[in-house]
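A.B. asks: Have a peek at query25.txt (compact mmCIF, C-alpha atoms).
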```txt
# COMPACT_ATOMS: atom_id res chain seq x y z
CA MET G 88 0.00 0.00 0.00
CA ALA G 89 2.89 2.35 0.72
CA MET G 90 3.85 2.20 -2.97
CA LEU G 91 0.44 3.39 -4.16
CA SER G 92 -0.36 7.01 -4.94
CA PRO G 93 -3.06 8.86 -2.94
CA ASP G 94 -5.39 8.64 -5.95
CA GLU G 95 -4.84 4.88 -6.23
CA ARG G 96 -5.62 4.40 -2.54
CA ARG G 97 -8.82 6.40 -3.01
CA ARG G 98 -9.76 4.33 -6.04
CA LEU G 99 -9.37 1.12 -4.03
CA GLN G 100 -12.13 2.21 -1.67
CA ARG G 101 -14.59 2.27 -4.58
CA TYR G 102 -14.35 -1.51 -4.94
CA ARG G 103 -16.91 -3.24 -2.73
CA ARG G 104 -15.22 -6.64 -2.68
CA ALA G 105 -11.99 -7.12 -0.74
CA ASP G 106 -10.72 -9.45 -3.50
CA ASP G 107 -11.12 -6.68 -6.09
CA ARG G 108 -9.27 -4.21 -3.86
CA GLY G 109 -6.50 -6.74 -3.35
CA GLN G 110 -6.17 -7.52 -7.07
CA HIS G 111 -5.82 -3.88 -8.05
CA ALA G 112 -3.43 -3.03 -5.23
CA VAL G 113 -1.22 -5.97 -6.19
CA GLY G 114 -1.37 -5.04 -9.88
CA TRP G 115 -0.29 -1.45 -9.26
CA ALA G 116 2.47 -2.58 -6.90
CA ILE G 117 3.73 -5.16 -9.43
CA VAL G 118 3.95 -2.44 -12.10
CA ARG G 119 6.22 -0.38 -9.85
CA ARG G 120 8.36 -3.32 -8.78
CA ALA G 121 8.71 -4.68 -12.33
CA LEU G 122 9.55 -1.31 -13.88
CA GLY G 123 11.86 -0.48 -10.96
CA LEU G 124 13.71 -3.77 -11.50
CA TYR G 125 13.92 -3.19 -15.26
CA LEU G 126 14.98 0.47 -15.03
CA GLY G 127 17.22 0.11 -11.98
CA VAL G 128 15.26 2.59 -9.84
CA PRO G 129 13.39 2.21 -6.51
CA PRO G 130 9.75 1.16 -6.99
CA GLY G 131 8.58 4.28 -5.16
CA SER G 132 10.11 6.51 -7.84
CA VAL G 133 7.92 4.97 -10.58
CA VAL G 134 5.07 7.44 -11.19
CA LEU G 135 2.00 6.40 -13.19
CA ASP G 136 -0.81 8.42 -14.72
CA ARG G 137 -4.26 7.18 -15.72
CA SER G 138 -5.80 10.32 -17.17
CA CYS G 139 -8.78 9.46 -19.35
CA ALA G 140 -8.47 10.84 -22.88
CA THR G 141 -12.16 11.84 -22.78
CA CYS G 142 -12.76 13.32 -19.33
CA ASP G 143 -9.26 13.54 -17.74
CA ALA G 144 -10.37 11.52 -14.69
CA GLN G 145 -7.89 8.93 -13.36
CA HIS G 146 -9.55 5.82 -14.81
CA GLY G 147 -7.77 5.46 -18.16
CA PRO G 148 -5.06 2.95 -19.13
CA PRO G 149 -1.84 3.32 -17.09
CA ARG G 150 0.99 5.44 -18.49
CA LEU G 151 4.53 5.80 -17.16
CA VAL G 152 5.30 9.41 -16.22
CA GLN G 153 8.56 9.02 -14.26
CA PRO G 154 11.19 8.02 -15.05
CA ALA G 155 10.52 9.65 -18.41
CA GLY G 156 10.81 7.28 -21.34
CA ASP G 157 9.04 5.44 -24.11
CA ILE G 158 7.77 2.45 -22.13
CA ASN G 159 4.17 1.35 -22.68
CA LEU G 160 2.42 -1.00 -20.29
CA SER G 161 -0.74 -3.01 -19.74
CA ILE G 162 -2.30 -4.65 -16.66
CA SER G 163 -4.79 -7.52 -16.47
CA HIS G 164 -6.60 -9.12 -13.51
CA ALA G 165 -8.50 -12.41 -13.47
CA GLY G 166 -9.34 -14.53 -10.44
CA ASP G 167 -6.16 -14.93 -8.40
CA VAL G 168 -3.95 -13.95 -11.36
CA VAL G 169 -2.52 -10.47 -11.89
CA GLY G 170 -0.29 -9.77 -14.88
CA VAL G 171 1.67 -6.79 -16.14
CA ALA G 172 3.32 -6.41 -19.57
CA PHE G 173 5.53 -3.58 -20.75
CA LEU G 174 7.50 -2.77 -23.90
CA ARG G 175 9.77 0.02 -25.12
CA GLY G 176 8.72 2.15 -28.05
CA ARG G 177 5.56 0.30 -29.08
CA ARG G 178 2.06 -0.15 -27.77
CA ILE G 179 1.23 -3.33 -25.89
CA GLY G 180 -1.91 -5.00 -24.56
CA LEU G 181 -2.26 -7.90 -22.13
CA ASP G 182 -5.36 -9.89 -21.23
CA ILE G 183 -5.78 -12.85 -18.87
CA GLU G 184 -8.88 -14.96 -18.21
CA VAL G 185 -9.08 -17.78 -15.67
CA GLU G 186 -10.70 -21.05 -16.73
CA ARG G 187 -13.59 -22.02 -14.48
CA GLY G 188 -16.13 -24.81 -14.50
CA GLY G 189 -19.65 -24.11 -15.66
CA PHE G 190 -18.68 -21.09 -17.73
CA ASP G 191 -21.43 -20.32 -20.27
CA TYR G 192 -19.81 -18.58 -23.21
CA GLU G 193 -23.18 -18.25 -24.92
CA GLU G 194 -23.97 -15.31 -22.59
CA LEU G 195 -21.21 -13.28 -24.28
CA ILE G 196 -20.93 -14.74 -27.75
CA ASP G 197 -23.11 -12.15 -29.53
CA PHE G 198 -21.27 -9.26 -27.85
CA ALA G 199 -17.79 -10.66 -28.40
CA CYS G 200 -17.81 -12.53 -31.69
CA ALA G 201 -18.30 -11.86 -35.38
CA PRO G 202 -20.78 -14.21 -37.16
CA ALA G 203 -18.06 -16.51 -38.56
CA GLU G 204 -16.44 -16.73 -35.12
CA ARG G 205 -19.78 -17.67 -33.52
CA ALA G 206 -20.30 -20.44 -36.05
CA ALA G 207 -16.78 -21.83 -35.50
CA LEU G 208 -17.22 -21.83 -31.72
CA ARG G 209 -20.54 -23.66 -31.90
CA ARG G 210 -18.92 -26.34 -34.07
CA SER G 211 -16.14 -26.95 -31.54
CA GLY G 212 -18.24 -28.89 -29.04
CA ASP G 213 -16.69 -29.45 -25.61
CA ALA G 214 -13.71 -27.29 -26.57
CA ALA G 215 -15.92 -24.20 -27.07
CA PRO G 216 -15.56 -22.62 -23.58
CA ARG G 217 -11.75 -22.69 -23.77
CA ALA G 218 -11.78 -21.54 -27.41
CA PHE G 219 -14.03 -18.63 -26.47
CA LEU G 220 -11.67 -17.52 -23.69
CA GLU G 221 -8.73 -17.70 -26.10
CA LEU G 222 -10.59 -15.54 -28.62
CA TRP G 223 -11.73 -13.11 -25.91
CA THR G 224 -8.19 -12.58 -24.57
CA GLN G 225 -6.93 -12.04 -28.10
CA LYS G 226 -9.55 -9.36 -28.77
CA GLU G 227 -9.15 -7.61 -25.42
CA ALA G 228 -5.35 -7.58 -25.79
CA VAL G 229 -5.67 -5.99 -29.25
CA LEU G 230 -8.16 -3.36 -28.06
CA LYS G 231 -5.90 -2.53 -25.09
CA ALA G 232 -2.87 -2.21 -27.37
CA LEU G 233 -4.87 0.16 -29.58
CA GLY G 234 -5.84 2.20 -26.52
CA VAL G 235 -9.58 1.91 -27.21
CA GLY G 236 -10.58 -0.88 -24.83
CA LEU G 237 -14.21 -1.99 -24.94
CA GLY G 238 -15.16 1.42 -26.35
CA VAL G 239 -15.04 -0.53 -29.62
CA ALA G 240 -17.43 -3.49 -29.74
CA PRO G 241 -15.23 -6.62 -29.89
CA GLN G 242 -17.46 -8.37 -32.46
CA ARG G 243 -16.23 -5.76 -34.97
CA LEU G 244 -12.70 -7.12 -34.63
CA VAL G 245 -12.13 -10.44 -36.42
CA ILE G 246 -9.31 -12.81 -35.43
CA ARG G 247 -8.50 -16.05 -37.17
CA GLY G 248 -5.91 -18.80 -37.00
CA PRO G 249 -4.72 -21.44 -34.55
CA ARG G 250 -4.12 -20.60 -30.89
CA SER G 251 -0.37 -20.74 -31.50
CA SER G 252 -0.44 -18.05 -34.20
CA PRO G 253 -3.67 -16.01 -34.28
CA ALA G 254 -3.91 -12.98 -36.56
CA VAL G 255 -6.17 -9.94 -36.89
CA VAL G 256 -8.00 -10.30 -40.23
CA GLY G 257 -10.78 -7.71 -39.90
CA TRP G 258 -11.20 -4.45 -38.04
CA PRO G 259 -13.44 -1.37 -37.79
CA GLY G 260 -12.76 1.35 -40.34
CA GLU G 261 -11.97 3.90 -37.64
CA ILE G 262 -9.01 1.87 -36.34
CA PRO G 263 -7.03 0.79 -39.43
CA GLN G 264 -3.91 0.49 -37.22
CA ALA G 265 -5.34 -2.80 -35.98
CA SER G 266 -3.86 -4.39 -39.10
CA ARG G 267 -0.37 -3.89 -37.59
CA ILE G 268 -1.10 -5.69 -34.32
CA ALA G 269 0.64 -9.03 -33.73
CA LEU G 270 -0.55 -11.58 -31.15
CA ARG G 271 1.25 -14.08 -28.96
CA PRO G 272 -0.23 -16.55 -26.47
CA VAL G 273 1.48 -16.90 -23.08
CA THR G 274 1.18 -20.18 -21.17
CA LEU G 275 -0.19 -19.88 -17.63
CA ASP G 276 -1.47 -22.73 -15.47
CA GLY G 277 -5.26 -22.59 -15.21
CA ALA G 278 -5.54 -19.39 -17.23
CA VAL G 279 -5.62 -18.15 -20.81
CA CYS G 280 -3.32 -15.24 -21.63
CA THR G 281 -2.53 -13.22 -24.78
CA VAL G 282 -0.11 -10.37 -25.45
CA ALA G 283 -0.72 -7.99 -28.37
CA VAL G 284 1.91 -5.59 -29.70
CA ASP G 285 2.03 -2.93 -32.39
CA GLY G 286 4.37 -4.37 -35.01
CA ALA G 287 6.64 -7.41 -35.05
CA LEU G 288 6.47 -9.70 -32.04
CA PRO G 289 9.29 -9.25 -29.53
CA THR G 290 10.73 -12.00 -27.38
CA VAL G 291 8.46 -12.45 -24.38
CA THR G 292 10.47 -12.53 -21.16
CA ARG G 293 8.56 -13.68 -18.08
CA ILE G 294 9.51 -12.40 -14.63
CA ASP G 295 8.18 -14.57 -11.81
CA ALA G 296 6.42 -12.72 -9.00
CA SER G 297 8.90 -14.10 -6.46
CA ARG G 298 11.64 -11.98 -8.04
CA LEU G 299 9.47 -8.89 -7.70
CA ILE G 300 8.66 -9.61 -4.06
CA ALA G 301 12.38 -9.90 -3.31
CA ALA G 302 13.25 -6.75 -5.30
```
What does this structure look like when you write it as structure tokens?
C.D. replies:
Amino acid sequence: MAMLSPDERRRLQRYRRADDRGQHAVGWAIVRRALGLYLGVPPGSVVLDRSCATCDAQHGPPRLVQPAGDINLSISHAGDVVGVAFLRGRRIGLDIEVERGGFDYEELIDFACAPAERAALRRSGDAAPRAFLELWTQKEAVLKALGVGLGVAPQRLVIRGPRSSPAVVGWPGEIPQASRIALRPVTLDGAVCTVAVDGALPTVTRIDASRLIAA
């Protein structure tokens, strides 16, 4: 908690569930520890800004203010999993979803999927819930990397290809830059995770949380 800004501590109080408060506190702390480790500075000197592009309130995507530089970052929370991804010079998006029994993807399929994607999911039988989560993380990661989030309906973004090498094949006319986004799955036990970057895929280096706790 000592690493969080006054605004972040205020934001935590808006979450009714203790688990939600814990997730977000851990995510913000991990950002500071990971960037501090990478940049060689104390975590407390890492300053973030979340100014919304529309209203200037502090609920937008996180942006590194200090130390000054060209690092872009993304945070994702799901169940007991919190992940942070960052990259120099290019936009990045990260999304994580935890697999859970009894998940009914049909509740979200019309909102999330283009018609061809819906048809493919419904043909996949028992594999459909996992396939839906894979597709959802791909779309959310792309929309985060583009900086638009769910302000763009995800069914307007079309992704095709195997889980190992998915690709964006269709996008709304107002975000033609989606054609440049590359996707990479990241293996996590019990969860589905995708990283999206603007341009060629970099090498993905994973830092285990235990290193951050010791930092």
A.B. asks: Show me the residues around (5.0, -1.0, -31.8) - criterion: an atom at most 7 Å away, all atoms listed in the file counted - as a CSV table (one decimal) with C-alpha atoms, keeping the file's coordinate frame.
C.D. replies:
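Resulting contents of selection18.csv:
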```csv
chain,number,residue,atom,x,y,z
G,176,GLY,CA,8.7,2.2,-28.0
G,177,ARG,CA,5.6,0.3,-29.1
G,178,ARG,CA,2.1,-0.2,-27.8
G,284,VAL,CA,1.9,-5.6,-29.7
G,285,ASP,CA,2.0,-2.9,-32.4
G,286,GLY,CA,4.4,-4.4,-35.0
```
A.B. asks: Could you jot down the CA of Gly248 (chain G) to CA of Gly166 (chain G) separation for me, Å, one decimal place?
C.D. replies: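 Straight-line distance from CA of Gly248 (chain G) to CA of Gly166 (chain G) works out to 27.1 Å.
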A.B. asks: As an exercise, work out the distance from CA of Val118 (chain G) to CA of Glu186 (chain G) in Å and give it to one decimal place.
C.D. replies: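 Answer for the CA of Val118 (chain G) to CA of Glu186 (chain G) separation: 24.1 Å.
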A.B. asks: Output, as AutoDock Vina command-line options, the centre and edge lengths in Å (one decimal) of the axis-aligned box that contains all listed atoms of region 216-226 of chain G with 4 Å of margin on each side.
C.D. replies:
```
--center_x -11.2 --center_y -16.0 --center_z -26.2 --size_x 16.6 --size_y 21.3 --size_z 13.2
```
A.B. asks: Need the neighbours of (-6.6, -19.9, -20.9): which residues are at most 9 Å away, counting all atoms listed in the file, as an MDAnalysis selection string?
C.D. replies: chainID G and resid 183:186 217:218 220:221 224 273:281
A.B. asks: Please indicate the distance in Å from CA of Cys200 (chain G) to CA of Gln110 (chain G), rounded to one decimal place.
C.D. replies: 27.7 Å
A.B. asks: I'd like the contact shell of Leu160 (chain G) - 9 Å cut-off, all atoms listed in the file, skipping same-chain residues fewer than 2 positions apart - returned as a PyMOL selection string.
C.D. replies: chain G and resi 118+148-151+158+162+171-175+178-181+232
A.B. asks: Using all atoms listed in the file, find the one residue out of G:Gln153, G:Ala89, G:Ser132, G:Val169 that sits nearest to Asp107 (chain G).
C.D. replies: G:Val169
A.B. asks: Would you pick out the contacts of Pro241 (chain G) at 9 Å or less, using all atoms listed in the file, so that residues sharing its chain but fewer than 3 positions from it are not included, and give the list as a PyMOL selection string?
C.D. replies: chain G and resi 198-201+223+226-227+230+236-238+244-245
A.B. asks: How would the residues just picked look written out with C-alpha atoms as a compact mmCIF listing (two decimals), in the frame of the given file?
C.D. replies:
```txt
# COMPACT_ATOMS: atom_id res chain seq x y z
CA PHE G 198 -21.27 -9.26 -27.85
CA ALA G 199 -17.79 -10.66 -28.40
CA CYS G 200 -17.81 -12.53 -31.69
CA ALA G 201 -18.30 -11.86 -35.38
CA TRP G 223 -11.73 -13.11 -25.91
CA LYS G 226 -9.55 -9.36 -28.77
CA GLU G 227 -9.15 -7.61 -25.42
CA LEU G 230 -8.16 -3.36 -28.06
CA GLY G 236 -10.58 -0.88 -24.83
CA LEU G 237 -14.21 -1.99 -24.94
CA GLY G 238 -15.16 1.42 -26.35
CA LEU G 244 -12.70 -7.12 -34.63
CA VAL G 245 -12.13 -10.44 -36.42
```
A.B. asks: Which one of G:Ala203, G:Leu222, G:Met88, G:Ile196 sits closest to Arg108 (chain G) if you count only C-alpha atoms?
C.D. replies: G:Met88
A.B. asks: Which is closest to Cys139 (chain G) among G:Pro263, G:His164, G:Val235, G:Val282, if we use all atoms listed in the file?
C.D. replies: G:Val235
A.B. asks: Show me, as a PyMOL selection string, the residues that have an atom within 12 Å of Arg98 (chain G) when counting only C-alpha atoms, minus same-chain residues fewer than 4 positions from it.
C.D. replies: chain G and resi 91-94+102-103+107-109+111-112+115+137+144-146
